[in-house]
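One file, final.csv, carrying CSV, C-alpha atoms and all ligand atoms:
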chain,number,residue,atom,x,y,z
A,1,MET,CA,50.9,-4.2,57.3
A,2,SER,CA,48.7,-1.1,57.6
A,3,TRP,CA,45.6,-0.5,55.5
A,4,ASN,CA,44.5,2.8,54.0
A,5,PHE,CA,40.7,2.4,54.1
A,6,ASP,CA,40.1,5.7,52.2
A,7,ASP,CA,42.0,4.3,49.2
A,8,ILE,CA,40.2,1.0,49.5
A,9,LYS,CA,36.8,2.8,49.3
A,10,THR,CA,37.8,4.8,46.3
A,11,GLN,CA,38.9,1.7,44.4
A,12,LEU,CA,35.8,-0.1,45.6
A,13,THR,CA,33.5,2.6,44.2
A,14,ALA,CA,35.2,2.4,40.8
A,15,ASP,CA,35.0,-1.4,40.8
A,16,GLN,CA,31.3,-1.3,41.8
A,17,SER,CA,30.4,0.9,38.9
A,18,ALA,CA,32.1,-1.5,36.5
A,19,VAL,CA,29.8,-4.3,37.5
A,20,ALA,CA,27.4,-4.7,34.6
A,21,ASP,CA,26.5,-8.4,34.4
A,22,ALA,CA,26.7,-11.7,36.3
A,23,LYS,CA,30.2,-12.3,35.2
A,24,SER,CA,31.7,-9.1,36.3
A,25,LEU,CA,29.8,-9.3,39.6
A,26,GLU,CA,31.4,-12.7,40.3
A,27,SER,CA,34.9,-11.4,39.7
A,28,PHE,CA,34.1,-8.4,41.9
A,29,ARG,CA,32.9,-10.8,44.6
A,30,VAL,CA,36.1,-13.0,44.3
A,31,LYS,CA,38.3,-9.9,44.4
A,32,TYR,CA,36.8,-8.6,47.7
A,33,LEU,CA,35.0,-11.4,49.4
A,34,GLY,CA,36.8,-14.5,48.0
A,35,ARG,CA,38.9,-17.0,50.0
A,36,SER,CA,42.0,-15.0,49.3
A,37,GLY,CA,40.2,-11.8,48.6
A,38,LEU,CA,40.9,-8.4,50.1
A,39,LEU,CA,38.8,-8.8,53.1
A,40,GLN,CA,40.4,-12.1,54.0
A,41,GLN,CA,43.8,-10.5,53.6
A,42,ILE,CA,42.8,-7.7,56.0
A,43,TYR,CA,41.6,-10.3,58.6
A,44,ASP,CA,44.8,-12.3,58.1
A,45,SER,CA,47.0,-9.3,58.6
A,46,MET,CA,45.3,-8.5,61.9
A,47,LYS,CA,47.3,-11.3,63.6
A,48,THR,CA,50.4,-9.3,63.3
A,49,LEU,CA,49.0,-5.9,64.2
A,50,PRO,CA,49.9,-4.1,67.4
A,51,PRO,CA,47.1,-4.7,70.0
A,52,ASP,CA,45.9,-1.1,70.0
A,53,GLU,CA,45.3,-1.0,66.2
A,54,LYS,CA,43.4,-4.3,66.0
A,55,PRO,CA,39.9,-3.0,67.2
A,56,LEU,CA,40.1,-0.1,64.7
A,57,VAL,CA,41.0,-2.2,61.7
A,58,GLY,CA,38.5,-4.9,62.8
A,59,LYS,CA,35.7,-2.3,62.9
A,60,GLU,CA,36.6,-0.9,59.5
A,61,ALA,CA,36.9,-4.4,58.0
A,62,ASN,CA,33.4,-5.4,59.4
A,63,VAL,CA,31.8,-2.3,57.9
A,64,LEU,CA,33.5,-3.0,54.7
A,65,ARG,CA,32.3,-6.6,54.7
A,66,GLN,CA,28.7,-5.6,55.4
A,67,SER,CA,28.6,-3.0,52.6
A,68,LEU,CA,30.2,-5.5,50.2
A,69,GLU,CA,27.7,-8.2,51.0
A,70,ILE,CA,24.8,-5.8,50.6
A,71,PHE,CA,26.1,-4.6,47.3
A,72,VAL,CA,26.7,-8.2,45.9
A,73,ASN,CA,23.3,-9.4,47.0
A,74,ASP,CA,21.3,-6.4,45.8
A,75,ARG,CA,23.1,-6.3,42.4
A,76,LYS,CA,22.6,-10.0,42.0
A,77,LYS,CA,18.8,-9.6,42.4
A,78,VAL,CA,18.7,-6.7,40.0
A,79,LEU,CA,20.7,-8.5,37.3
A,80,GLU,CA,18.5,-11.6,37.7
A,81,SER,CA,15.2,-9.7,37.5
A,82,SER,CA,16.1,-7.6,34.5
A,83,ASP,CA,17.7,-10.5,32.6
A,84,SER,CA,21.0,-8.6,32.4
A,85,LYS,CA,19.4,-5.4,31.1
A,86,PRO,CA,19.4,-2.3,33.3
A,87,SER,CA,15.8,-2.2,34.5
A,88,GLY,CA,13.6,0.9,34.0
A,89,PHE,CA,16.6,2.7,32.5
A,90,PHE,CA,15.7,5.3,29.9
A,91,ASP,CA,18.3,7.2,28.0
A,92,PRO,CA,16.7,10.3,26.5
A,93,THR,CA,19.8,11.0,24.4
A,94,MET,CA,19.5,7.7,22.4
A,95,PRO,CA,18.1,8.1,18.8
A,96,GLY,CA,14.4,7.1,18.7
A,97,VAL,CA,12.9,4.0,17.0
A,98,ALA,CA,11.6,4.9,13.6
A,99,PHE,CA,8.4,3.1,12.7
A,100,SER,CA,7.9,2.5,9.0
A,101,VAL,CA,4.4,3.6,7.9
A,102,GLY,CA,2.7,1.8,5.0
A,103,HIS,CA,0.7,3.4,2.3
A,104,GLN,CA,-1.8,2.6,-0.4
A,105,HIS,CA,-0.7,0.8,-3.5
A,106,LEU,CA,-0.1,3.0,-6.5
A,107,LEU,CA,-3.1,1.5,-8.3
A,108,THR,CA,-5.4,2.3,-5.4
A,109,GLN,CA,-4.0,5.8,-5.2
A,110,THR,CA,-4.5,6.3,-8.9
A,111,MET,CA,-8.1,5.0,-8.9
A,112,ASP,CA,-9.0,7.1,-5.9
A,113,GLU,CA,-7.5,10.2,-7.5
A,114,ILE,CA,-9.4,9.6,-10.8
A,115,CYS,CA,-12.7,9.0,-8.9
A,116,ASP,CA,-12.1,12.1,-6.8
A,117,ILE,CA,-11.8,14.3,-9.9
A,118,PHE,CA,-15.1,13.0,-11.3
A,119,GLN,CA,-16.8,13.2,-7.9
A,120,GLN,CA,-15.8,16.9,-7.8
A,121,MET,CA,-17.6,17.3,-11.1
A,122,GLY,CA,-20.8,15.7,-9.7
A,123,PHE,CA,-20.3,12.0,-10.5
A,124,SER,CA,-21.1,9.3,-7.9
A,125,ILE,CA,-19.1,6.1,-7.5
A,126,HIS,CA,-20.7,2.7,-8.0
A,127,GLU,CA,-19.2,-0.8,-8.0
A,128,GLY,CA,-20.4,-3.8,-9.9
A,129,PRO,CA,-19.7,-7.5,-9.4
A,130,GLU,CA,-16.7,-9.2,-11.1
A,131,LYS,CA,-18.8,-12.2,-11.9
A,132,GLU,CA,-21.1,-11.0,-14.6
A,133,THR,CA,-23.7,-12.3,-17.1
A,134,GLU,CA,-23.0,-12.7,-20.8
A,135,PHE,CA,-26.0,-10.5,-21.2
A,136,ASN,CA,-24.6,-7.5,-19.3
A,137,ASN,CA,-21.1,-8.0,-20.5
A,138,PHE,CA,-22.0,-8.3,-24.2
A,139,THR,CA,-25.6,-8.5,-25.4
A,140,ALA,CA,-27.0,-5.4,-23.7
A,141,LEU,CA,-23.9,-3.5,-24.8
A,142,ASN,CA,-24.8,-4.1,-28.4
A,143,ILE,CA,-22.0,-6.6,-28.9
A,144,PRO,CA,-23.2,-9.0,-31.5
A,145,ASP,CA,-23.2,-12.8,-31.0
A,146,ASN,CA,-20.4,-13.3,-33.5
A,147,HIS,CA,-18.2,-10.6,-32.1
A,148,PRO,CA,-14.6,-11.9,-31.6
A,149,SER,CA,-14.4,-10.5,-28.0
A,150,ARG,CA,-17.0,-13.1,-27.0
A,151,ASP,CA,-14.6,-15.8,-28.1
A,152,GLY,CA,-13.4,-18.0,-25.2
A,153,PHE,CA,-9.9,-16.6,-26.0
A,154,ASP,CA,-10.9,-13.2,-24.9
A,155,THR,CA,-13.1,-14.0,-22.0
A,156,PHE,CA,-13.0,-16.2,-18.9
A,157,TYR,CA,-16.4,-18.1,-19.0
A,158,LEU,CA,-17.8,-19.8,-16.0
A,159,ASP,CA,-19.5,-23.1,-15.9
A,160,GLU,CA,-22.8,-21.5,-14.9
A,161,PRO,CA,-25.8,-20.5,-17.1
A,162,ASP,CA,-26.7,-16.8,-17.5
A,163,PRO,CA,-30.1,-16.4,-15.8
A,164,LYS,CA,-30.9,-13.5,-18.1
A,165,GLN,CA,-30.2,-15.0,-21.4
A,166,LYS,CA,-31.0,-18.5,-22.7
A,167,GLY,CA,-28.0,-20.5,-23.9
A,168,ALA,CA,-25.6,-17.9,-22.4
A,169,ARG,CA,-23.2,-18.3,-19.5
A,170,CYS,CA,-21.8,-16.3,-16.6
A,171,LEU,CA,-18.3,-15.0,-16.9
A,172,LEU,CA,-15.6,-12.8,-15.3
A,173,ARG,CA,-16.3,-9.4,-16.7
A,174,SER,CA,-13.9,-8.5,-19.4
A,175,HIS,CA,-14.5,-4.7,-19.0
A,176,THR,CA,-16.3,-2.4,-16.6
A,177,SER,CA,-18.9,-1.4,-19.2
A,178,PRO,CA,-21.5,-4.0,-17.9
A,179,GLY,CA,-21.7,-1.6,-14.9
A,180,GLN,CA,-23.4,0.8,-17.2
A,181,ILE,CA,-26.2,-1.7,-17.8
A,182,ARG,CA,-26.7,-2.4,-14.0
A,183,ILE,CA,-26.8,1.4,-13.3
A,184,MET,CA,-29.3,2.2,-16.0
A,185,GLN,CA,-31.6,-0.8,-15.1
A,186,GLN,CA,-31.6,0.6,-11.5
A,187,PHE,CA,-31.9,4.3,-12.0
A,188,LYS,CA,-33.6,6.8,-14.3
A,189,PRO,CA,-31.7,9.8,-15.8
A,190,PRO,CA,-30.3,12.2,-15.0
A,191,LEU,CA,-27.4,10.1,-13.9
A,192,ALA,CA,-23.6,10.5,-13.7
A,193,VAL,CA,-21.5,7.7,-12.4
A,194,VAL,CA,-18.0,6.3,-12.4
A,195,ILE,CA,-17.5,2.5,-11.9
A,196,PRO,CA,-14.0,1.5,-10.9
A,197,GLY,CA,-13.0,-2.2,-10.7
A,198,LYS,CA,-11.0,-5.3,-11.7
A,199,VAL,CA,-11.5,-6.9,-15.2
A,200,TYR,CA,-10.3,-10.2,-16.5
A,201,ARG,CA,-9.0,-11.4,-19.9
A,202,PRO,CA,-7.1,-14.6,-20.7
A,203,ASP,CA,-4.1,-12.7,-22.1
A,204,ALA,CA,-0.6,-14.1,-21.8
A,205,VAL,CA,1.3,-12.1,-19.2
A,206,ASP,CA,4.0,-9.8,-20.6
A,207,ALA,CA,5.3,-6.2,-20.0
A,208,SER,CA,2.0,-4.7,-21.2
A,209,HIS,CA,-0.6,-7.5,-20.6
A,210,SER,CA,-2.1,-9.1,-17.6
A,211,PHE,CA,-5.0,-11.5,-17.1
A,212,MET,CA,-6.4,-9.1,-14.6
A,213,PHE,CA,-6.2,-5.3,-14.6
A,214,HIS,CA,-8.3,-2.3,-13.5
A,215,GLN,CA,-10.6,0.0,-15.4
A,216,ILE,CA,-12.8,3.0,-14.6
A,217,GLU,CA,-16.0,3.3,-16.5
A,218,GLY,CA,-17.9,6.6,-16.8
A,219,LEU,CA,-21.5,7.2,-17.8
A,220,LEU,CA,-23.6,10.4,-18.0
A,221,VAL,CA,-27.2,10.3,-19.2
A,222,ASP,CA,-29.7,13.1,-19.4
A,223,LYS,CA,-31.7,15.0,-22.0
A,224,ASP,CA,-29.5,16.8,-24.6
A,225,ILE,CA,-26.1,15.5,-23.7
A,226,LYS,CA,-23.9,16.2,-26.7
A,227,PHE,CA,-20.5,15.1,-28.1
A,228,SER,CA,-19.1,18.5,-27.1
A,229,ASP,CA,-20.0,17.7,-23.5
A,230,LEU,CA,-18.0,14.5,-23.8
A,231,LYS,CA,-15.0,16.4,-25.2
A,232,GLY,CA,-15.2,19.1,-22.5
A,233,LEU,CA,-15.5,16.5,-19.7
A,234,ILE,CA,-12.5,14.5,-20.9
A,235,GLU,CA,-10.4,17.5,-21.4
A,236,THR,CA,-11.2,18.9,-17.9
A,237,PHE,CA,-10.4,15.5,-16.4
A,238,LEU,CA,-7.1,15.1,-18.3
A,239,LYS,CA,-5.9,18.7,-17.3
A,240,LYS,CA,-6.8,18.0,-13.6
A,241,PHE,CA,-5.0,14.7,-13.6
A,242,PHE,CA,-1.9,15.3,-15.8
A,243,GLY,CA,-1.6,19.1,-15.4
A,244,PRO,CA,-2.7,22.1,-17.6
A,245,GLU,CA,0.0,21.6,-20.2
A,246,ILE,CA,-1.3,18.2,-21.3
A,247,ARG,CA,-2.5,18.0,-24.9
A,248,MET,CA,-5.2,15.7,-26.2
A,249,ARG,CA,-6.8,14.6,-29.4
A,250,PHE,CA,-9.9,12.6,-30.2
A,251,ARG,CA,-9.3,9.9,-32.9
A,252,PRO,CA,-12.4,8.2,-34.5
A,253,HIS,CA,-12.8,4.6,-33.4
A,254,TYR,CA,-15.4,1.9,-33.2
A,255,PHE,CA,-17.1,0.5,-30.1
A,256,PRO,CA,-20.4,-1.4,-30.4
A,257,PHE,CA,-21.9,0.4,-27.4
A,258,THR,CA,-21.2,3.9,-28.5
A,259,GLU,CA,-21.9,5.9,-31.7
A,260,PRO,CA,-20.0,7.9,-32.6
A,261,SER,CA,-16.9,6.5,-30.7
A,262,ALA,CA,-13.4,7.8,-30.3
A,263,GLU,CA,-10.1,6.9,-28.7
A,264,VAL,CA,-8.4,9.7,-26.8
A,265,ASP,CA,-4.6,10.3,-27.2
A,266,ILE,CA,-2.5,12.5,-25.0
A,267,SER,CA,0.9,14.1,-25.5
A,268,TRP,CA,3.1,16.2,-23.2
A,269,GLN,CA,5.4,18.0,-25.6
A,270,GLU,CA,4.2,20.5,-28.2
A,271,GLY,CA,5.3,19.5,-31.7
A,272,LYS,CA,6.1,16.0,-30.7
A,273,LYS,CA,4.4,13.4,-32.7
A,274,ASP,CA,4.2,10.5,-30.3
A,275,TRP,CA,0.6,10.5,-29.1
A,276,LEU,CA,-0.3,7.9,-26.5
A,277,GLU,CA,-3.7,6.3,-26.4
A,278,ILE,CA,-5.3,6.6,-23.0
A,279,MET,CA,-9.0,5.8,-23.2
A,280,GLY,CA,-12.1,4.9,-25.2
A,281,CYS,CA,-15.3,6.9,-25.2
A,282,GLY,CA,-18.4,7.9,-27.2
A,283,MET,CA,-22.1,8.7,-27.2
A,284,VAL,CA,-24.3,5.9,-25.8
A,285,HIS,CA,-25.7,3.7,-28.6
A,286,PRO,CA,-29.5,3.8,-28.9
A,287,ASN,CA,-29.5,0.0,-28.8
A,288,VAL,CA,-28.0,0.1,-25.3
A,289,PHE,CA,-30.8,2.4,-24.1
A,290,LYS,CA,-33.2,0.0,-25.6
A,291,ALA,CA,-31.7,-3.0,-23.8
A,292,VAL,CA,-32.2,-1.3,-20.4
A,293,GLY,CA,-35.7,-0.3,-21.3
A,294,TYR,CA,-35.3,3.5,-21.6
A,295,PRO,CA,-37.9,5.2,-23.8
A,296,ASP,CA,-36.8,5.6,-27.4
A,297,GLY,CA,-35.2,8.9,-28.3
A,298,LYS,CA,-35.8,10.6,-24.9
A,299,TYR,CA,-32.2,10.6,-23.6
A,300,THR,CA,-28.7,10.9,-24.8
A,301,GLY,CA,-25.6,10.0,-23.0
A,302,LEU,CA,-21.8,9.8,-23.0
A,303,ALA,CA,-19.6,7.0,-21.8
A,304,PHE,CA,-15.9,6.4,-21.4
A,305,GLY,CA,-13.6,3.7,-20.1
A,306,LEU,CA,-10.0,4.0,-19.1
A,307,GLY,CA,-7.3,1.5,-18.0
A,308,VAL,CA,-5.9,2.4,-14.6
A,309,GLU,CA,-2.6,0.5,-15.1
A,310,ARG,CA,-2.0,2.3,-18.4
A,311,ILE,CA,-2.6,5.7,-16.9
A,312,ALA,CA,-0.4,5.1,-13.9
A,313,MET,CA,2.4,3.7,-16.2
A,314,LEU,CA,2.2,6.8,-18.5
A,315,ARG,CA,2.2,9.2,-15.6
A,316,HIS,CA,5.0,7.6,-13.6
A,317,ARG,CA,7.0,6.2,-16.6
A,318,ILE,CA,6.7,2.6,-15.5
A,319,ASN,CA,7.6,0.3,-18.4
A,320,ASP,CA,6.3,-3.1,-17.1
A,321,ILE,CA,2.8,-3.8,-15.9
A,322,ARG,CA,4.0,-6.7,-13.9
A,323,TYR,CA,5.6,-4.4,-11.3
A,324,PHE,CA,2.1,-3.6,-10.0
A,325,TYR,CA,1.4,-7.2,-8.9
A,326,GLN,CA,4.8,-8.5,-7.8
A,327,ASN,CA,4.7,-6.6,-4.5
A,328,ASP,CA,8.5,-6.0,-4.6
A,329,VAL,CA,9.0,-3.4,-1.8
A,330,ARG,CA,11.7,-1.7,-3.9
A,331,PHE,CA,8.9,-0.8,-6.3
A,332,LEU,CA,6.2,-0.2,-3.7
A,333,GLU,CA,8.3,2.2,-1.7
A,334,GLN,CA,8.9,4.5,-4.7
A,335,PHE,CA,5.3,5.5,-4.9
B,1,LIG,N1,-15.1,-1.2,-22.6
B,1,LIG,C1,-14.0,-0.8,-23.5
B,1,LIG,C2,-12.8,-1.7,-23.4
B,1,LIG,O1,-12.7,-2.4,-22.4
B,1,LIG,C3,-13.6,0.7,-23.1
B,1,LIG,C4,-14.7,1.6,-23.4
B,1,LIG,C5,-14.7,2.3,-24.7
B,1,LIG,C6,-15.6,2.0,-22.5
B,1,LIG,C7,-15.6,3.2,-25.0
B,1,LIG,C8,-16.6,2.9,-22.8
B,1,LIG,C9,-16.6,3.5,-24.1
B,1,LIG,O2,-17.6,3.2,-22.0
B,1,LIG,O3,-17.6,4.4,-24.4
B,1,LIG,O4,-12.0,-1.7,-24.3

Re-express the file's structure as structure tokens.
Amino acid sequence: MSWNFDDIKTQLTADQSAVADAKSLESFRVKYLGRSGLLQQIYDSMKTLPPDEKPLVGKEANVLRQSLEIFVNDRKKVLESSDSKPSGFFDPTMPGVAFSVGHQHLLTQTMDEICDIFQQMGFSIHEGPEKETEFNNFTALNIPDNHPSRDGFDTFYLDEPDPKQKGARCLLRSHTSPGQIRIMQQFKPPLAVVIPGKVYRPDAVDASHSFMFHQIEGLLVDKDIKFSDLKGLIETFLKKFFGPEIRMRFRPHYFPFTEPSAEVDISWQEGKKDWLEIMGCGMVHPNVFKAVGYPDGKYTGLAFGLGVERIAMLRHRINDIRYFYQNDVRFLEQF
């Protein structure tokens, strides 16, 4: 039998490129170097060859064996070291790996945006503690001892006496308004601050209530601050936040710490009657100035407080407050 070594090499090259893992390498080895593999068949056939052909075929067979052994050994090492993955191989045509980038929670975005608007108008940002005194949360804000909001059902009281007021306790602040007291005790007018933060109330959780939510308090105190300043400020804020077409109205209301007081309603569509309440506000009550030790009659001030969840829900048409806290990625990824 005569051998065509050119044909053998062509076939060999194709078989070599098909070796991708340990299993295919082993079948390659058996096919060429195995006990009844091609090489052995060549050697066996030499017995019957005419004497003048033997050295030629023997030489070709030896070259072939050498290159086969080198290939099998080298490929074995490569496959072992790369744990069956082609090592250092980079295919620039493969699609890239997309990293998912996180973002701030909608409530954080909303608070930042509101604070930014007031900062542009000259307000500075302050934060107060979530654990407050009964004095700051109620008494100094002109909320009388018998006011229902002091009731245990509306406030989380702590088992710790209030160092500022005899017989009173510490509590989790039920609004950000005690931040006003802390600022005024610390600074003299003129002052303009916004106070963002968490507040707590023992409400049963449902689509519009949570035992914890976020508020932003605003306070501006100087000489000659008027109710028209309050109205202008709120209108400017609402137009910047909701857009120029937003409509607002002030509705008379009662808060112990402001006089006069109002609730602000907004509406998007002209002629539509469904006004949505968005915040409380008013002119700082003289008793509040008295509680912080400001001289009688020297200053006037405006204050406001808004619920961050409520504003975010109105703006993004979210109908259940619980979405904010459940951390369901389907919700988080929408905003
Ligand atoms: N503290 C009030 C609340 O939680 C909101 C509020 C109303 C704040 C009027 C104010 C204000 O500063 O002037 O319901």

Requested in this report: Please provide the set of residues having any atom within 9 Å of Ile181 of chain A, restricted to all atoms listed in the file, with same-chain residues fewer than 3 positions apart removed, written as a VMD selection string.
Outcome: chain A and resid 136 to 137 140 to 141 177 to 178 184 to 186 288 to 289 291 to 292

**Report entry** Residue among A:Lys59, A:Arg169, A:Arg65, A:His209 lying closest to Leu33 of chain A, counting only C-alpha atoms
**Finding:**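 Counting only C-alpha atoms, the residue closest to Leu33 of chain A is A:Arg65.
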
Hey, which bits of chain A sit within 9 Å of ligand LIG 1 (chain B), and for each residue what's the closest pair of atoms and how far apart in Å (one decimal), counting all atoms listed in the file, rows by chain and increasing number, as a tab-separated table?
residue	atom	partner	partner_atom	distance
A:Ser174	CA	B:LIG1	O1	6.9
A:His175	CA	B:LIG1	O1	4.5
A:Thr176	CA	B:LIG1	N1	6.2
A:Ser177	CA	B:LIG1	N1	5.1
A:Pro178	CA	B:LIG1	N1	8.4
A:Gln180	CA	B:LIG1	O2	7.9
A:Val199	CA	B:LIG1	O1	8.6
A:Gln215	CA	B:LIG1	O1	7.7
A:Ile216	CA	B:LIG1	C6	8.4
A:Glu217	CA	B:LIG1	O2	5.7
A:Gly218	CA	B:LIG1	O2	6.2
A:Leu219	CA	B:LIG1	O2	7.0
A:His253	CA	B:LIG1	C7	9.0
A:Tyr254	CA	B:LIG1	C7	8.3
A:Phe255	CA	B:LIG1	C7	6.0
A:Pro256	CA	B:LIG1	C7	8.6
A:Phe257	CA	B:LIG1	O3	6.6
A:Thr258	CA	B:LIG1	O3	5.5
A:Glu259	CA	B:LIG1	O3	8.6
A:Ser261	CA	B:LIG1	O3	6.7
A:Ala262	CA	B:LIG1	C7	7.4
A:Glu263	CA	B:LIG1	C7	7.6
A:Met279	CA	B:LIG1	C5	6.9
A:Gly280	CA	B:LIG1	C5	3.7
A:Cys281	CA	B:LIG1	O3	3.5
A:Gly282	CA	B:LIG1	O3	4.6
A:Met283	CA	B:LIG1	O3	6.8
A:Val284	CA	B:LIG1	O3	7.0
A:Leu302	CA	B:LIG1	O3	7.0
A:Ala303	CA	B:LIG1	O3	4.2
A:Phe304	CA	B:LIG1	O2	3.7
A:Gly305	CA	B:LIG1	C6	3.6
A:Leu306	CA	B:LIG1	C3	6.3
A:Gly307	CA	B:LIG1	O1	8.0

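Put simply, atom CA of Ile266 of chain A is 8.5 Å away from atom CA of Leu238 of chain A.
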
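Taking all atoms listed in the file into account, Phe250 of chain A lies nearest to A:Lys231 out of the set A:His147, A:Lys231, A:Val101, A:Phe237.
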
Query raised in the report: Hey, can you check how far atom CA of Asp203 of chain A sits from atom CA of Val308 of chain A?
Result: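 We find that atom CA of Asp203 of chain A and atom CA of Val308 of chain A lie 17.0 Å from each other.
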
Query raised in the report: At a cut-off of 12 Å from (-19.3, 17.7, -10.3) in the coordinates of the file, what residues are picked up using only C-alpha atoms, written as an NGL selection string?
Result: :A and (115-125 or 191-194 or 220 or 233 or 236-237)

**Report entry** Distance of atom CA of Leu172 of chain A from atom CA of Glu132 of chain A, expressed in Å to one decimal place
**Finding:** 5.8 Å

Query raised in the report: Between A:Ile195, A:Ile70, A:Asn287, A:Asn4, which has the minimum distance to Met111 of chain A (counting all atoms listed in the file)?
Result: A:Ile195

**Report entry** Shortest interatomic distance to Gly301 of chain A - which of A:Val78, A:Val221, A:Met248, A:Val19, counting all atoms listed in the file
**Finding:**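 Going through A:Val78, A:Val221, A:Met248, A:Val19 one by one, the smallest distance to Gly301 of chain A is for A:Val221.
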
Query - Which of A:Phe335, A:Ile183, A:Arg201, A:Thr155 sits closest to His126 of chain A [using all atoms listed in the file] - result: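 Closest residue, counting all atoms listed in the file: A:Ile183.
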
If I only have part of segment 227-240 of chain A, can you fill in N, CA and C atoms and write it as a PDB file, in the frame of the given file?
ATOM      1  N   PHE A 227     -21.929  15.536 -27.932  1.00  0.00           N
ATOM      2  CA  PHE A 227     -20.500  15.100 -28.100  1.00  0.00           C
ATOM      3  C   PHE A 227     -19.578  16.148 -27.525  1.00  0.00           C
ATOM      4  N   SER A 228     -19.960  17.436 -27.634  1.00  0.00           N
ATOM      5  CA  SER A 228     -19.100  18.500 -27.100  1.00  0.00           C
ATOM      6  C   SER A 228     -18.996  18.385 -25.562  1.00  0.00           C
ATOM      7  N   ASP A 229     -20.066  17.881 -24.909  1.00  0.00           N
ATOM      8  CA  ASP A 229     -20.000  17.700 -23.500  1.00  0.00           C
ATOM      9  C   ASP A 229     -18.963  16.605 -23.139  1.00  0.00           C
ATOM     10  N   LEU A 230     -18.948  15.555 -23.974  1.00  0.00           N
ATOM     11  CA  LEU A 230     -18.000  14.500 -23.800  1.00  0.00           C
ATOM     12  C   LEU A 230     -16.561  15.030 -23.886  1.00  0.00           C
ATOM     13  N   LYS A 231     -16.342  15.820 -24.943  1.00  0.00           N
ATOM     14  CA  LYS A 231     -15.000  16.400 -25.200  1.00  0.00           C
ATOM     15  C   LYS A 231     -14.563  17.289 -24.036  1.00  0.00           C
ATOM     16  N   GLY A 232     -15.485  18.138 -23.609  1.00  0.00           N
ATOM     17  CA  GLY A 232     -15.200  19.100 -22.500  1.00  0.00           C
ATOM     18  C   GLY A 232     -14.885  18.337 -21.216  1.00  0.00           C
ATOM     19  N   LEU A 233     -15.681  17.293 -20.972  1.00  0.00           N
ATOM     20  CA  LEU A 233     -15.500  16.500 -19.700  1.00  0.00           C
ATOM     21  C   LEU A 233     -14.133  15.844 -19.700  1.00  0.00           C
ATOM     22  N   ILE A 234     -13.795  15.182 -20.815  1.00  0.00           N
ATOM     23  CA  ILE A 234     -12.500  14.500 -20.900  1.00  0.00           C
ATOM     24  C   ILE A 234     -11.343  15.427 -20.779  1.00  0.00           C
ATOM     25  N   GLU A 235     -11.466  16.555 -21.455  1.00  0.00           N
ATOM     26  CA  GLU A 235     -10.400  17.500 -21.400  1.00  0.00           C
ATOM     27  C   GLU A 235     -10.183  18.065 -19.988  1.00  0.00           C
ATOM     28  N   THR A 236     -11.287  18.371 -19.329  1.00  0.00           N
ATOM     29  CA  THR A 236     -11.200  18.900 -17.900  1.00  0.00           C
ATOM     30  C   THR A 236     -10.541  17.816 -17.054  1.00  0.00           C
ATOM     31  N   PHE A 237     -10.963  16.566 -17.221  1.00  0.00           N
ATOM     32  CA  PHE A 237     -10.400  15.500 -16.400  1.00  0.00           C
ATOM     33  C   PHE A 237      -8.865  15.387 -16.646  1.00  0.00           C
ATOM     34  N   LEU A 238      -8.478  15.342 -17.927  1.00  0.00           N
ATOM     35  CA  LEU A 238      -7.100  15.100 -18.300  1.00  0.00           C
ATOM     36  C   LEU A 238      -6.190  16.273 -17.721  1.00  0.00           C
ATOM     37  N   LYS A 239      -6.722  17.511 -17.793  1.00  0.00           N
ATOM     38  CA  LYS A 239      -5.900  18.700 -17.300  1.00  0.00           C
ATOM     39  C   LYS A 239      -5.797  18.592 -15.781  1.00  0.00           C
ATOM     40  N   LYS A 240      -6.860  18.139 -15.109  1.00  0.00           N
ATOM     41  CA  LYS A 240      -6.800  18.000 -13.600  1.00  0.00           C
ATOM     42  C   LYS A 240      -5.813  16.911 -13.254  1.00  0.00           C
TER      43      LYS A 240
END
